[in-house]
Amino acid sequence: MCKVRNMDDNLLLKSCLQGEVEDFRKLMDKYRGKSLALAWNILGNREDAEDAFQEAFVQVYLNLEKFDFTKNFKDWLFTILSNKCLDQLRKRARFIKFFKTQKSEFLERMNRPQLNPDRSPVVSPKLLQKLNPRERISVCLWAGEGYTSNEIASVLKCSPSTARVHLFKARRKIKMFLEDKNASL
Amino acid sequence: MPRCKILSYAFAMIPLKKWQDFLIRHHMERCPECQNGLATVEDVRGIIIPESQCQEIATSWDGFQAKLKKGEREEPHLYSSRWRWAYAMAGLVVLAAAAILVIKTPPFHKAQLEERLIGHFRINYIRIENKPAQAYVYQPQDSNMIIVWAQKNIRGE
């Protein structure tokens, strides 16, 4: 695994372009942990995270020719992954809105505790759901990957100033939540 | 701190997002109290899913390949956003063409209608006291009025 980690992304990508599917698998393995963690933190559950992860890599594979080799592959991947996650959240919001108006019964069923909770653990639901998706992405990239506001901006396709504001808001909300939690203990 | 809260409410009321962001950033970067109110990297790392937890998740390569095949096969759906835009643009083009056609077509004037009617005005036969008579049709210039003059045939004419 370590050997794979040290391999140059560009070499792997060029090899993929020549039709080496196995090298694409190596690339997927290399970024599996980081990508899944990011998607899981944004979406809040593992199944959706895996879905977003696979869809992001499908898009990467289908658009390999468009990749600019002078840029960082990880940033490109995270941009695609973040967009997939935002798409999923939008779909989920539409789905919930539809069923709220149409079938309250269905929602009740959805809210019932799951039979196998281990299969789909929901991550810090109260806390992460207080952040909007862009704030979630910003704070995960900042704390998880050590990204600067400029790098976050390149992933979110916004200005560094806006990325900094997302980060400020997210950090403020988290701090307030943690203080409230400590006060209640 | 209450001052910061009032400011954050005031910032939230600014409708222009860019200005709002600029003011928030400007304040947060300079206000020591607000800086203290931000979670640290360690705080955040304590609540997010770490990479190590996901490293061992075996995502299905078959699942990826199935999605890939679907993605390669998938033709643009008739109701996908790209097609929706195409439909909307086609609709706009049709509307614009219809509008141009309506504007460019000269209006069907009342005068033209009357002209047509006048063109069709015809006297076939006139009799006065059971004898054939002569008819004269006269329209004064710039007038809609038509004068029909009928007179007995004068012997010898």
# chains A, B, ... in the order shown; residues from 1 in each chain; ligands from 1

$ residues_around --residues "Ala143 (chain A)" --least-positions-apart "6" --cutoff "10 Å" --atoms "only C-alpha atoms" --output "CSV table (one decimal) with N, CA and C atoms, in the first residue's frame"
chain,number,residue,atom,x,y,z
B,40,THR,N,-10.8,25.0,17.3
B,40,THR,CA,-9.4,24.7,16.8
B,40,THR,C,-9.4,23.4,15.9
B,41,VAL,N,-8.3,23.2,15.3
B,41,VAL,CA,-8.2,22.0,14.4
B,41,VAL,C,-8.5,20.8,15.3
B,42,GLU,N,-7.9,20.7,16.5
B,42,GLU,CA,-8.1,19.5,17.4
B,42,GLU,C,-9.6,19.3,17.7
B,43,ASP,N,-10.3,20.5,17.9
B,43,ASP,CA,-11.8,20.4,18.2
B,43,ASP,C,-12.5,19.7,17.0
B,44,VAL,N,-12.1,20.2,15.8
B,44,VAL,CA,-12.8,19.7,14.6
B,44,VAL,C,-12.4,18.3,14.4
B,45,ARG,N,-11.1,17.9,14.5
B,45,ARG,CA,-10.7,16.6,14.3
B,45,ARG,C,-11.4,15.6,15.2
B,46,GLY,N,-11.8,16.1,16.4
B,46,GLY,CA,-12.5,15.2,17.4
B,46,GLY,C,-13.9,14.9,16.9
B,48,ILE,N,-15.0,14.8,13.5
B,48,ILE,CA,-15.2,14.3,12.1
B,48,ILE,C,-14.6,12.9,12.0
B,50,PRO,N,-12.3,10.2,10.8
B,50,PRO,CA,-10.9,10.3,10.3
B,50,PRO,C,-10.7,9.4,9.1

$ interface_residues --of "chain A" --to "chain B" --cutoff "8 Å" --atoms "only C-alpha atoms" --output "PDB file with C-alpha atoms, in the first residue's frame"
ATOM      1  CA  ARG A  25      -7.798   0.714  -9.338  1.00  0.00           C
ATOM      2  CA  ARG A  32     -10.101   5.660  -0.898  1.00  0.00           C
ATOM      3  CA  GLY A  33      -9.596   6.661   2.734  1.00  0.00           C
ATOM      4  CA  LYS A  34      -9.404  10.394   2.187  1.00  0.00           C
ATOM      5  CA  LEU A  36     -14.588   8.263   1.768  1.00  0.00           C
ATOM      6  CA  ALA A  37     -13.860  10.236   4.928  1.00  0.00           C
ATOM      7  CA  LEU A  38     -14.699  13.490   3.181  1.00  0.00           C
ATOM      8  CA  TRP A  40     -18.957  10.458   4.868  1.00  0.00           C
ATOM      9  CA  ASN A  41     -18.454  13.686   6.797  1.00  0.00           C
ATOM     10  CA  GLU A  50     -19.603   4.978  -0.944  1.00  0.00           C
ATOM     11  CA  GLN A  54     -17.877   5.509  -6.827  1.00  0.00           C
ATOM     12  CA  GLU A  55     -19.731   8.123  -8.862  1.00  0.00           C
ATOM     13  CA  PHE A  57     -14.353   8.015  -9.691  1.00  0.00           C
ATOM     14  CA  VAL A  58     -16.607   7.149 -12.632  1.00  0.00           C
ATOM     15  CA  LEU A  62     -14.682   9.286 -18.067  1.00  0.00           C
ATOM     16  CA  VAL A 123     -21.833  10.606  12.163  1.00  0.00           C
ATOM     17  CA  SER A 124     -22.203  13.416  14.678  1.00  0.00           C
ATOM     18  CA  VAL A 139     -14.065  22.449   7.729  1.00  0.00           C
ATOM     19  CA  CYS A 140     -13.374  18.816   6.743  1.00  0.00           C
ATOM     20  CA  TRP A 142      -9.217  22.244   6.696  1.00  0.00           C
ATOM     21  CA  ALA A 143      -9.034  19.869   9.656  1.00  0.00           C
ATOM     22  CA  GLY A 144      -8.791  16.551   7.819  1.00  0.00           C
ATOM     23  CA  SER A 161     -12.471  35.147   0.801  1.00  0.00           C
ATOM     24  CA  THR A 162     -15.739  33.206   0.584  1.00  0.00           C
ATOM     25  CA  ARG A 164     -12.558  31.775   4.635  1.00  0.00           C
ATOM     26  CA  VAL A 165     -16.056  32.911   5.593  1.00  0.00           C
ATOM     27  CA  PHE A 168     -15.170  30.963  10.094  1.00  0.00           C
ATOM     28  CA  ARG A 171     -15.660  26.847  13.292  1.00  0.00           C
ATOM     29  CA  ARG A 172     -17.838  29.286  15.219  1.00  0.00           C
ATOM     30  CA  LYS A 173     -20.836  26.942  15.098  1.00  0.00           C
ATOM     31  CA  ILE A 174     -18.717  23.965  16.202  1.00  0.00           C
ATOM     32  CA  LYS A 175     -17.214  25.927  19.080  1.00  0.00           C
ATOM     33  CA  MET A 176     -20.643  27.095  20.225  1.00  0.00           C
TER      34      MET A 176
END

$ closest_residue --among "A:Glu22, A:Asp48, A:Asp68, A:Asp9" --to "Cys85 (chain A)" --atoms "only C-alpha atoms"
A:Asp48

$ residues_around --residues "Lys130 (chain A)" --least-positions-apart "5" --cutoff "10 Å" --atoms "only C-alpha atoms" --output "list in words"
Pro125, Glu135, Arg136, Ala170, Lys173, Ile174 and Phe177 of chain A

$ atom_distance --atom1 "CA of Asn153 (chain B)" --atom2 "CA of Ala133 (chain B)"
5.2 Å

$ select_by_dssp --residues "region 8-146 of chain B" --states "strand (DSSP E or B)" --output "list in words"
Arg127, Ile128, Lys131, Pro132, Ala133, Gln134, Ala135, Tyr136, Val137 and Tyr138 of chain B

$ atom_distance --atom1 "CA of Arg30 (chain B)" --atom2 "CA of Glu145 (chain A)"
25.8 Å

$ atom_distance --atom1 "CA of Lys157 (chain A)" --atom2 "CA of Ile80 (chain A)"
10.8 Å
